[in-house]
Every structure is written in structure tokens, then in C-alpha cells.
Amino acid sequence: MSLRRVLALPGWAVHVRLLAGEAGLDRPLATVQATLDASHLPAVGELTVVARPVAGTDWQIDALLRRCADAGATGVLLSGTEPLTASRLLADRLAVPLLTTGAPPLDLLVEARLLLAAPEVDRADLLLATHRALGDRLRPPEEVVAVLRRLLRSPVAVLDDRGAPLAGEVTGRVRLDEAVPQRTEVDGGVFLAHPVLLQRPAMWLAAELRGNEAARADVVPPALAVAAGALQRWLLANRLELERDARSRTALLGDLLRLDTEPGADLRRRVADAGWRLGGWHVGLHIGVPAAVDTVARTQEVMRALEVEAVVVEHGDGWTGWVTFDHEPTAERVRALATRLQAAHRALHLGAHMGVGRPHPRPEGLVATVAEALDAARLAATRPETGHFLHVDQLGMAQLLLEWTRTDTFEPAARALVAPLRSVPGDLVRTLSAYLDAESSIAETATVLGVHRNTVAARIARIEQLLGVDLSRPDERLALHLASRAVILSEE
Amino acid sequence: MRITAGDVAALERGVALLGSGGGGDTVTAAVLLRKLLADGRSLFVRPAGELPPDARVVPIGVVGATAAFTEKLPGGGEFAAAVAAVERWTGERADALMSIEIGGLNGLLPLVVAEQLGRGYVDADLSGRGLPRLDQFSVAATGRGVAPAALAEPGGQVVVLAAGSDVVIERGTRAFLAGSGGWAAFALAPIPAGELAGCSVPGTTSGALELGRRVLAVGESPPRDALEAALAGSVLARGRVLEVARHLGPGQHGSPGFGRGSVTLADHRDGALLRLEMENEYLLALRDGAPVASTPDVLSVLDHRTGVPVSCDAIRTGVEVDVVRLAAAPFWRDPRWLPVVRPRAYGIDSDPVGAE
């Protein structure tokens, strides 16, 4: 047991001030002894509590500090006293912690002795306090953070499954791939994290104990576990609602997309109940994400990121949505919308790809623009050079051609055309594709692929040699461009 | 022993050192003494043993606020009045005078008075150092008693304290001083020279002169060991004053106490913190919290460069000083007399820490 640990006790943390002698805080603490006697002789490992008021100017404070240092005692707690600079300097010099309190010193003594006699009591007290504060009803992360921050007197945060804060703030980092309670020694403190598990960690609860509170790090984890349980209940309760909502919206979207005639009254009613509009002009969008991303849990986040009044529905490998305009939008408005969606896409950091369709009117237009967006998103997945974002307006002919390359007749032919490139090392097919995308610019190709331009030049020479072609001839360029794109697409 | 104008500087330094931070400013008394000894005049200081045993010796000095003494200068007749009053009350004529307190201005002023009144001067005093209270005089410690005694203040009032315990005389004197000029000339009843050996501290004027000569000889900013040799004492610390804290001490008998204070400096040699507890004098020294010296040993603080003693009133933060300890006069090491001057006599709950 150390004095630092005692200073992290609730009563001590609030009422006791360390004046000097911080270097001695980790001295072993064996006993806490009260004295009324100015010439008290401290024992080894003793924290001497001077229970009577002493004038700050009293030289006996200095003498007591010295006797503590000589006896191997742990420190001195004064009651209601502001000692002279002389005494503080001496405490620093002797590395004997000098403390003062305005609270009744004997209350503090009892608390410290309890800790010495039964260290688990502090843990149990904190656990009970946490349970009392969180146990009665569902609480959102903000409230859990507020409760823990008060109980631990330290920064606390709830982080999402990627480590970004949802409530509160901490500077430490959670090791996201280890779904177990974590303890990390950081500069000047201890960082504790506890996963909030559904099947995988859905959130993390983290606390950062600094200064004297760090000495309490062994007491805190059970309290974090209780709080994580409260967060888990909150998640489950909300999840149920979200899932129910998501399912009905996804079903409604499915019905809409299958539409080939005018929608019936029943469907119109369901659409209206969902707050969607079938009239007007629609611009579809689709966001695809890797399978690991929990789409239901993130719908709110995506809607916030889009910053436009869009319908967003969990659909397929991500979300499908659309923005509705009252009248046909001008080209400029559509461009502005696309720019905004692209910015939102960048801000999401989900490893997603996004496609945006062209404006189309009425319910059948909605189906058309959503289909375009789905196609564009599929293409965007293979286009890192556009930041995995594509807008159908920008595709034009290329889109049509690419759709055609996906047919069964073209693909084997394309494969055969570039086959010689696949038998040698060096990513020659992708290099060829990037080179032709970049209008034969070696420097641009090098930037896109992240290799040196000499490497690109060497690869291009090798490609021409292997295929026996001249890449400056338009016919051969066109054939190879389509072939390489088709091969890459089919492989992803 | 003959004292000439050339000795005044050394004597002044000696008595200031023995003042232990108190005893009052010596400058005015030194000016008077220098004036008296101008034109090659000199005065004689004799050991008590050289006087006939029945010769009468009257101890005199200034009591009260020594700071007031330098502001409210003597009219010149105060000591004559005090001596005359005590002579008249006891019916005995003073053959010689002596000092009540060698430390500070009372180490010098009685010499001037003896010359002016045409009496002899005995090489002894009642304190052996600077002491703040009348009931701490050697005559009080040995049981002879302070009363009867006479007080004459510059306003012309003369009071004879005819009888009373030493504590009562001390209290009465303070009460009188509070209602008059702040200081007064003080004369005790004549003491037969043959009895002085048992109730006074002998050889203190010659001792102060010798001490002053040795200290002046080592010059400014002396090395530590040279200073220790000259003082025949020790240097407790040499460093810069970090903190001076003053507060009112505990009062006694309903009257306010003397001002208390603490001085702390860091020793340049090893960084040790030396703390001095003071009242009118420096009384206790703690080195890193451990008591290392105390009254009755003389604790003095010297300006590091000039070597001039710095009084408790004048000490301030930032000055470079040497804290020194001189052994107490042998008189105070007698266990019978020690209780009067040990730290507890000043309300400091510590045993005396001696040079031995």
C-alpha cells in the first residue's frame, strides 16, 4: 500500500492537498497514526496525522518532517494549516509528503485505516456506487459518462467500435482487435478500457486515471464492467427498435424497386407512412460498405453525414437512398448535390464506395435513378482514383461500354488478350489500365499506383514487348483498355 | 585594560555579535563612545577582582525598545538620574559601574556613562549575551534578585522599583515603558565587588573586544574555516535567505507577546535548509528540520560580504548571510542557571542544543 493509493480514496481526493514532498508518495505505507504531541516519534511506514491545529509558522512541523525522514515514516498530514515555504522546501528536500486538510482529520484517518485493513472495501464501495447510479433505468452513453466521471474523478469516454468518441473524451487508444478489458500504462497515468459486447464489441468504455487516481487503477475495472453492462442494455433496447424499423423500410424499398406499374393504394399508403415522397424528381444514391460494418447501427450516422434531406434505407451491401426535388433540378444543382455527397462520403471513413444516379421524375424515375446509383457504386468500388465515388453524369458512354464488357462474350476474349501479362511478375494488367486511364502519362500512372515513374516506364516497355503491340496506336489502345478494365472488374 | 578610540570598531563588532540578533543598534552608542575617546583619551576597564571587595558596583543599561533609543535620543541626564535614585534609595554610593547586558548597545553605552559620571568600570555584565527580559539577568538566575532598581526616562520621570519578584519587576518595567518614552535608563542596586563573582558574567567587555578584533582581522567575505577560527565558533550555514516570516508570539499575563519569526536559508555547500526561530534574538537553529543549535549559545547572522551582524529586525529575504554559533558564556552552562535562558524560557518546546 502506498500513500498515493490513499490519496485516491474519495474523501482524501476531495479534502486533502499535497503541499510538497511528492517524490515520497510511493513510499510504503503501513499505518496511519494520529497524534496530539508535537514531539511525536513516527514509526516506519507511518503517516502521521497531526490532529490538533498547528500554526503554519511552527518550527515543530519542520522537526516532525525530519523525524519522519529519519524514522522511514511515510508522511505528515496537517489539519487546517498552511505551512511556511520553509516547511514545503524541507518536505521536498527530504522527500517526505506534506499534506494538509480542511476536513476533520480523524474522519480521514478512519477512511485510510479501513483501506489498509481491507483494501477490497474501496472496490466494493465504488462498485455499489456505480450500480446505484446506473442500475435503475436505461441510460444513454452521455449519462453513463457523466456518472463515471463523477465517481472516478477522471476523464471517461464511450467510444464506438472504431475507437471514435461517442460521449466524453479521453486521449488514450483502445486496442480494438482485443475484445477484452484493457489496461495500458500511459505517461503519468493508467488507461482502462472495457468492451461493450453484443456479438462483437459494439462500443468501448474508457477511463483515464491520472496523478493520484492512477493508484486506484486496480479498483476501477469492476465498476467499468458494471457501467459497460448498463451500456449493453441500452444498446440492446435501442437495437431492437432500430432493427424493426430497418426491416420494414428495407421491405418497403424492395417493393418500390420491383414496381413496374403504377403503385397501388396500399403501397402509396405505406410510403406516405414512412414519410417518403414518390412525386417530384429523384436523385438516387447507394453506399456500399465492407461486410464487417454494422449497417443498422450506423444508419443515423450516415444520415447525419449526408447533411441533405435524404431518405436512407439499409439495403444490400450498405444503404440505398435518394434526394427528392419538387421540380426538375438544374445541372448546377445536381452538381452541387453530388459535390456535397462526395464530401459526406469522404467524411464517413467507412471504407465505403458510393454511387450517385441522375435525376429522374416520378415513381418509375425513382427506380431508374436508384438502379443507376447501384451500378455506379459497383463501379466506384474498383476506382480508387476517384476516391471510390462515382456520379452517373460523369460516366456517360464509358458506363455503357463497361456494362457491355460485363457480358459473357467479351470477358473470355479480354482475358485471352491480356493473358501474356498475367504470367510474369509485376502488376502489369493494372499498370496497363492505369496508364491508359491516365492518357499515357507516365507520371500520373506512377502517382495513381504509388510507384516510381521509372518503374512505370519499364513496365510499359515490357507490356508492349510481351503483347507485341504499339500503345500509341488508337485501335490497340481501345481494345486493351476495355480488356484490362473487364479483367480487373471481373476479378474484384 | 585600556580602551582607546582605535578599539571602538572592534568592540562594536564584538558586542553586536554577542547580541545574537538582538540587543539594539550599536551605531549611536559607538558614535558617543568614539566622541568620548577622541583626542587620544582612553578609559579603563577593570576585572571585578581588582576592586576592593566592599567597593560598590552598579549595573546600568538601556531597557525597553532599543529602536526607540535611536529615534528618541537621550537628553544626557537619564543615567545620572537613575544612578542617583538607586544610590539614594539604598544609601550606598556607586564606586564603579558595569553593563547589564554585553550584547548590543548596552555593551557600549555604560562605558560612556561611567566616564561621564567619573566612576570606574568593571569588566563584567549580567547577561553574557543579548537577553530580552530583566528576569533573565544573572542576578535573577542566581536568586539575588533584580529589585531594588531605578528607571529614568528621557521625559524626566524617575521611578524606583523598590521590591518585588523578578517577574513583577519585569512586568512593572514594561508597563512603565509603555506609558512613557519607550526606553529608559536602568540602574540596579549597588553590588559589593566581592559578590560579583557569584552573580555576574565576568570578563565580557574584554571578551567582546577580543572577539571583535579577531573577526575584523579576517576581513570581508572570509573563507568558512577562517571565520570559524576567528569566532571560536562554527558556521551553521552560508547562503541566501529564502523566507522571513514574522508573526506575533504568544502573549503572557494578558499583554501582547514579542514578535516571533522564522528565517530560512539554503546552505550553498549542500543545499541543506537552515531555519532560525527568532524573537528579539535568534533562539533556535534547525538544519533540515533537526535542531542543531539553540539559546543559550549565541546565534548570529552575519552579512556574508561585510561580516556585519544582521539583527532580527533587519533580516530580509534575498541577502547572502553566514549563520554562526558561538558557545554560551560558561555561566549559562551551569545547570542551576540554565533554565532561565533555555529555549523553553522563550516558549520554544525544545531542549537546549549545546556546542558540546
# chains A, B, ... in the order shown; residues from 1 in each chain; ligands from 1

$ interface_residues --of "chain A" --to "chain B" --cutoff "10 Å" --atoms "only C-alpha atoms" --output "compact mmCIF listing (two decimals) with N, CA and C atoms, in the first residue's frame"
# COMPACT_ATOMS: atom_id res chain seq x y z
N ALA A 38 3.44 17.31 19.92
CA ALA A 38 4.31 17.98 18.96
C ALA A 38 5.61 17.23 18.77
N SER A 39 6.07 16.53 19.79
CA SER A 39 7.36 15.85 19.66
C SER A 39 7.17 14.36 19.37
N THR A 57 3.41 28.59 11.02
CA THR A 57 4.76 29.09 11.25
C THR A 57 5.53 28.23 12.24
N ASP A 58 4.89 27.20 12.78
CA ASP A 58 5.52 26.42 13.86
C ASP A 58 6.71 25.62 13.33
N TRP A 59 7.85 25.78 13.99
CA TRP A 59 9.05 25.04 13.57
C TRP A 59 8.91 23.55 13.84
N GLN A 60 7.93 23.18 14.71
CA GLN A 60 7.75 21.76 15.01
C GLN A 60 7.35 20.96 13.77
N ILE A 61 6.73 21.66 12.78
CA ILE A 61 6.39 20.98 11.53
C ILE A 61 7.67 20.49 10.87
N ASP A 62 8.67 21.37 10.83
CA ASP A 62 9.96 21.00 10.23
C ASP A 62 10.58 19.85 11.00
N ALA A 63 10.54 19.97 12.33
CA ALA A 63 11.17 18.94 13.15
C ALA A 63 10.48 17.59 12.94
N LEU A 64 9.15 17.62 12.80
CA LEU A 64 8.40 16.37 12.59
C LEU A 64 8.76 15.76 11.23
N LEU A 65 8.87 16.63 10.21
CA LEU A 65 9.26 16.13 8.88
C LEU A 65 10.60 15.43 8.97
N ARG A 66 11.51 16.05 9.71
CA ARG A 66 12.84 15.46 9.82
C ARG A 66 12.78 14.12 10.55
N ARG A 67 12.00 14.07 11.62
CA ARG A 67 11.90 12.80 12.36
C ARG A 67 11.26 11.72 11.47
N ALA A 69 11.58 11.54 8.19
CA ALA A 69 12.62 11.11 7.25
C ALA A 69 13.59 10.16 7.95
N ASP A 70 13.97 10.52 9.17
CA ASP A 70 14.95 9.70 9.90
C ASP A 70 14.36 8.32 10.26
N LEU A 84 4.77 27.30 6.24
CA LEU A 84 5.67 28.24 5.58
C LEU A 84 6.32 27.57 4.37
N THR A 85 6.82 28.42 3.48
CA THR A 85 7.62 27.91 2.36
C THR A 85 8.76 27.06 2.88
N ALA A 86 9.33 27.46 4.02
CA ALA A 86 10.45 26.73 4.60
C ALA A 86 10.08 25.26 4.79
N SER A 87 8.89 25.01 5.33
CA SER A 87 8.48 23.62 5.60
C SER A 87 8.25 22.86 4.29
N LEU A 89 9.73 23.48 1.40
CA LEU A 89 11.04 23.21 0.81
C LEU A 89 11.69 22.02 1.51
N LEU A 90 11.52 21.97 2.82
CA LEU A 90 12.14 20.88 3.58
C LEU A 90 11.49 19.54 3.20
N ALA A 91 10.16 19.55 3.07
CA ALA A 91 9.46 18.31 2.69
C ALA A 91 9.94 17.83 1.33
N ARG A 93 12.86 18.49 0.05
CA ARG A 93 14.26 18.08 0.18
C ARG A 93 14.37 16.70 0.82
N LEU A 94 13.51 16.43 1.80
CA LEU A 94 13.56 15.14 2.49
C LEU A 94 12.71 14.09 1.78

$ residues_around --residues "B:Ala150" --least-positions-apart "3" --cutoff "6 Å" --atoms "only C-alpha atoms" --output "mmCIF file with C-alpha atoms, in the first residue's frame"
data_model
loop_
_atom_site.group_PDB
_atom_site.id
_atom_site.type_symbol
_atom_site.label_atom_id
_atom_site.label_comp_id
_atom_site.auth_asym_id
_atom_site.auth_seq_id
_atom_site.Cartn_x
_atom_site.Cartn_y
_atom_site.Cartn_z
ATOM 1 C CA ALA B 82 18.841 56.583 37.599
ATOM 2 C CA VAL B 86 19.245 53.954 43.320
ATOM 3 C CA VAL B 159 10.838 55.547 39.202
ATOM 4 C CA VAL B 160 12.281 53.318 41.875
ATOM 5 C CA LEU B 161 11.115 49.727 41.855
ATOM 6 C CA PHE B 186 18.028 51.409 34.213
ATOM 7 C CA ALA B 187 20.214 51.080 37.304
#

$ residues_around --residues "B:Ala114" --least-positions-apart "5" --cutoff "9 Å" --atoms "only C-alpha atoms" --output "list in words"
Ala96, Leu97, Met98, Leu109, Arg119, Gly120 and Tyr121 of chain B

$ write_last_selection --atoms "N, CA and C atoms" --output "short mmCIF file (atom, residue, chain, number, x, y, z; two decimals), in the first residue's frame"
data_model
loop_
_atom_site.label_atom_id
_atom_site.label_comp_id
_atom_site.auth_asym_id
_atom_site.auth_seq_id
_atom_site.Cartn_x
_atom_site.Cartn_y
_atom_site.Cartn_z
N ALA B 96 31.78 52.05 41.13
CA ALA B 96 32.03 51.69 39.72
C ALA B 96 30.70 51.28 39.09
N LEU B 97 30.71 51.29 37.75
CA LEU B 97 29.53 50.85 37.01
C LEU B 97 29.89 49.60 36.20
N MET B 98 28.87 48.91 35.76
CA MET B 98 29.06 47.79 34.84
C MET B 98 27.83 47.71 33.93
N LEU B 109 27.25 51.59 25.73
CA LEU B 109 26.77 52.82 26.37
C LEU B 109 27.21 52.98 27.82
N ARG B 119 33.01 57.45 37.29
CA ARG B 119 33.10 56.23 38.09
C ARG B 119 33.98 55.24 37.34
N GLY B 120 34.42 54.22 38.06
CA GLY B 120 35.19 53.16 37.43
C GLY B 120 34.28 52.27 36.59
N TYR B 121 34.89 51.28 35.88
CA TYR B 121 34.08 50.39 35.05
C TYR B 121 34.58 48.97 35.23
#

$ residues_around --residues "A:Leu209" --least-positions-apart "5" --cutoff "6 Å" --atoms "only C-alpha atoms" --output "list in words"
Ser154, Gly189, Val190 and Ala214 of chain A

$ closest_residue --among "A:Gly318, A:Asp260, A:Thr299, A:Ala443" --to "A:Glu364" --atoms "only C-alpha atoms"
A:Asp260

$ residues_around --residues "A:Leu421" --least-positions-apart "4" --cutoff "9 Å" --atoms "only C-alpha atoms" --output "list in words"
Leu417, Pro425, Gly426, Asp427, Leu428, Val429, Arg462, Ile463, Leu466 and Leu467 of chain A

$ residues_around --residues "B:Thr70" --least-positions-apart "6" --cutoff "12 Å" --atoms "only C-alpha atoms" --output "PDB file with C-alpha atoms, in the first residue's frame"
ATOM      1  CA  GLY B  24      19.704  47.001  19.904  1.00  0.00           C
ATOM      2  CA  ASP B  25      21.509  49.011  17.291  1.00  0.00           C
ATOM      3  CA  THR B  26      25.086  49.829  18.323  1.00  0.00           C
ATOM      4  CA  VAL B  27      25.650  52.757  15.951  1.00  0.00           C
ATOM      5  CA  THR B  28      24.516  55.594  18.270  1.00  0.00           C
ATOM      6  CA  ALA B  29      26.376  54.218  21.262  1.00  0.00           C
ATOM      7  CA  ALA B  30      29.518  53.742  19.144  1.00  0.00           C
ATOM      8  CA  VAL B  31      29.328  57.376  17.972  1.00  0.00           C
ATOM      9  CA  VAL B  62      19.062  50.925  28.489  1.00  0.00           C
ATOM     10  CA  GLY B  64      12.824  48.976  26.599  1.00  0.00           C
ATOM     11  CA  LEU B 105      24.138  48.781  22.564  1.00  0.00           C
ATOM     12  CA  GLY B 181       9.114  57.203  26.083  1.00  0.00           C
ATOM     13  CA  GLY B 182       9.575  53.575  25.120  1.00  0.00           C
ATOM     14  CA  TRP B 183      13.035  53.305  26.665  1.00  0.00           C
TER      15      TRP B 183
END

$ residues_around --residues "B:Leu338" --least-positions-apart "5" --cutoff "9 Å" --atoms "only C-alpha atoms" --output "ChimeraX atom specification"
/B:141,296,331-333,352

$ closest_residue --among "A:His345, A:Arg249, A:Arg88, A:His131" --to "A:Ala272" --atoms "only C-alpha atoms"
A:Arg249

$ select_by_dssp --residues "stretch 130-292 of chain B" --states "helix (DSSP H, G or I)" --output "PyMOL selection string"
chain B and resi 134-136+138-141+166-179+193-199+204-217+224-231

$ write_last_selection --atoms "N, CA and C atoms" --output "tab-separated table (two decimals), in the first residue's frame"
chain	number	residue	atom	x	y	z
B	134	LEU	N	14.34	41.34	31.95
B	134	LEU	CA	15.08	41.63	33.18
B	134	LEU	C	15.18	40.38	34.07
B	135	ASP	N	14.12	39.54	34.04
B	135	ASP	CA	14.11	38.38	34.94
B	135	ASP	C	15.00	37.25	34.41
B	136	GLN	N	15.77	37.55	33.33
B	136	GLN	CA	16.74	36.58	32.85
B	136	GLN	C	18.17	36.96	33.24
B	138	SER	N	21.62	37.54	35.25
B	138	SER	CA	22.32	36.59	36.12
B	138	SER	C	21.94	36.81	37.59
B	139	VAL	N	21.68	38.07	37.97
B	139	VAL	CA	21.29	38.32	39.37
B	139	VAL	C	19.94	37.68	39.68
B	140	ALA	N	19.10	37.57	38.63
B	140	ALA	CA	17.80	36.91	38.82
B	140	ALA	C	17.99	35.41	38.88
B	141	ALA	N	18.81	34.88	37.96
B	141	ALA	CA	19.02	33.44	37.90
B	141	ALA	C	19.63	32.91	39.19
B	166	ASP	N	11.31	39.02	40.53
B	166	ASP	CA	11.92	39.42	39.25
B	166	ASP	C	10.86	39.55	38.15
B	167	VAL	N	9.88	38.64	38.19
B	167	VAL	CA	8.83	38.69	37.17
B	167	VAL	C	8.01	39.96	37.32
B	168	VAL	N	7.74	40.34	38.58
B	168	VAL	CA	6.95	41.55	38.83
B	168	VAL	C	7.73	42.79	38.38
B	169	ILE	N	9.03	42.80	38.67
B	169	ILE	CA	9.86	43.94	38.25
B	169	ILE	C	9.86	44.04	36.72
B	170	GLU	N	10.00	42.90	36.07
B	170	GLU	CA	9.99	42.89	34.59
B	170	GLU	C	8.67	43.46	34.07
B	171	ARG	N	7.58	42.97	34.66
B	171	ARG	CA	6.26	43.40	34.20
B	171	ARG	C	6.04	44.88	34.48
B	172	GLY	N	6.46	45.31	35.70
B	172	GLY	CA	6.30	46.71	36.06
B	172	GLY	C	7.09	47.62	35.15
B	173	THR	N	8.30	47.18	34.81
B	173	THR	CA	9.14	47.99	33.93
B	173	THR	C	8.49	48.15	32.55
B	174	ARG	N	7.98	47.02	32.02
B	174	ARG	CA	7.32	47.08	30.70
B	174	ARG	C	6.13	48.04	30.74
B	175	ALA	N	5.37	47.97	31.83
B	175	ALA	CA	4.18	48.83	31.95
B	175	ALA	C	4.60	50.29	31.98
B	176	PHE	N	5.67	50.57	32.72
B	176	PHE	CA	6.16	51.95	32.81
B	176	PHE	C	6.63	52.44	31.43
B	177	LEU	N	7.38	51.57	30.73
B	177	LEU	CA	7.92	51.96	29.43
B	177	LEU	C	6.81	52.21	28.42
B	178	ALA	N	5.76	51.38	28.51
B	178	ALA	CA	4.65	51.53	27.56
B	178	ALA	C	3.99	52.88	27.75
B	179	GLY	N	4.02	53.41	28.99
B	179	GLY	CA	3.35	54.67	29.26
B	179	GLY	C	4.28	55.86	29.17
B	193	ALA	N	31.69	44.39	45.21
B	193	ALA	CA	32.56	43.78	44.19
B	193	ALA	C	32.91	42.35	44.55
B	194	GLY	N	33.03	42.05	45.82
B	194	GLY	CA	33.40	40.71	46.26
B	194	GLY	C	32.32	39.68	45.95
B	195	GLU	N	31.07	40.15	45.76
B	195	GLU	CA	29.99	39.21	45.48
B	195	GLU	C	29.72	39.05	43.99
B	196	LEU	N	30.38	39.87	43.18
B	196	LEU	CA	30.10	39.83	41.73
B	196	LEU	C	30.43	38.47	41.12
B	197	ALA	N	31.46	37.82	41.61
B	197	ALA	CA	31.88	36.54	41.02
B	197	ALA	C	30.73	35.53	41.04
B	198	GLY	N	29.86	35.61	42.03
B	198	GLY	CA	28.79	34.63	42.15
B	198	GLY	C	27.52	35.00	41.43
B	199	CYS	N	27.41	36.22	40.92
B	199	CYS	CA	26.13	36.61	40.33
B	199	CYS	C	26.26	37.40	39.05
B	204	THR	N	33.37	40.06	30.18
B	204	THR	CA	32.65	40.09	28.90
B	204	THR	C	33.06	41.27	28.03
B	205	THR	N	33.43	42.42	28.62
B	205	THR	CA	33.83	43.56	27.78
B	205	THR	C	35.15	43.23	27.08
B	206	SER	N	36.13	42.71	27.84
B	206	SER	CA	37.40	42.35	27.22
B	206	SER	C	37.18	41.21	26.22
B	207	GLY	N	36.29	40.29	26.56
B	207	GLY	CA	35.99	39.18	25.65
B	207	GLY	C	35.40	39.68	24.34
B	208	ALA	N	34.45	40.64	24.43
B	208	ALA	CA	33.82	41.18	23.22
B	208	ALA	C	34.86	41.90	22.37
B	209	LEU	N	35.78	42.61	23.03
B	209	LEU	CA	36.82	43.35	22.30
B	209	LEU	C	37.72	42.37	21.55
B	210	GLU	N	38.13	41.30	22.23
B	210	GLU	CA	38.98	40.29	21.59
B	210	GLU	C	38.27	39.65	20.39
B	211	LEU	N	37.01	39.27	20.61
B	211	LEU	CA	36.21	38.66	19.55
B	211	LEU	C	36.13	39.60	18.34
B	212	GLY	N	35.84	40.86	18.60
B	212	GLY	CA	35.72	41.84	17.52
B	212	GLY	C	37.02	41.99	16.77
B	213	ARG	N	38.15	42.01	17.50
B	213	ARG	CA	39.44	42.16	16.83
B	213	ARG	C	39.70	40.98	15.90
B	214	ARG	N	39.43	39.76	16.40
B	214	ARG	CA	39.70	38.58	15.58
B	214	ARG	C	38.82	38.57	14.32
B	215	VAL	N	37.58	38.94	14.50
B	215	VAL	CA	36.65	38.90	13.36
B	215	VAL	C	37.02	39.97	12.33
B	216	LEU	N	37.37	41.16	12.81
B	216	LEU	CA	37.75	42.21	11.85
B	216	LEU	C	39.02	41.82	11.11
B	217	ALA	N	39.89	41.02	11.76
B	217	ALA	CA	41.17	40.66	11.16
B	217	ALA	C	41.00	39.75	9.95
B	224	ARG	N	35.15	29.95	5.07
B	224	ARG	CA	34.38	29.39	6.17
B	224	ARG	C	35.25	29.03	7.38
B	225	ASP	N	36.36	28.35	7.11
B	225	ASP	CA	37.18	27.90	8.25
B	225	ASP	C	37.86	29.08	8.93
B	226	ALA	N	38.26	30.12	8.15
B	226	ALA	CA	38.88	31.30	8.77
B	226	ALA	C	37.88	31.99	9.69
B	227	LEU	N	36.64	32.07	9.24
B	227	LEU	CA	35.60	32.70	10.06
B	227	LEU	C	35.36	31.89	11.33
B	228	GLU	N	35.32	30.58	11.19
B	228	GLU	CA	35.10	29.74	12.37
B	228	GLU	C	36.23	29.90	13.38
B	229	ALA	N	37.47	29.99	12.88
B	229	ALA	CA	38.61	30.15	13.78
B	229	ALA	C	38.51	31.49	14.51
B	230	ALA	N	38.15	32.56	13.77
B	230	ALA	CA	38.07	33.89	14.38
B	230	ALA	C	36.96	33.95	15.43
B	231	LEU	N	35.88	33.26	15.19
B	231	LEU	CA	34.74	33.30	16.11
B	231	LEU	C	34.95	32.36	17.29

$ closest_residue --among "A:Ala461, A:Ala347, A:Val32, A:Met1" --to "A:Thr48" --atoms "only C-alpha atoms"
A:Val32
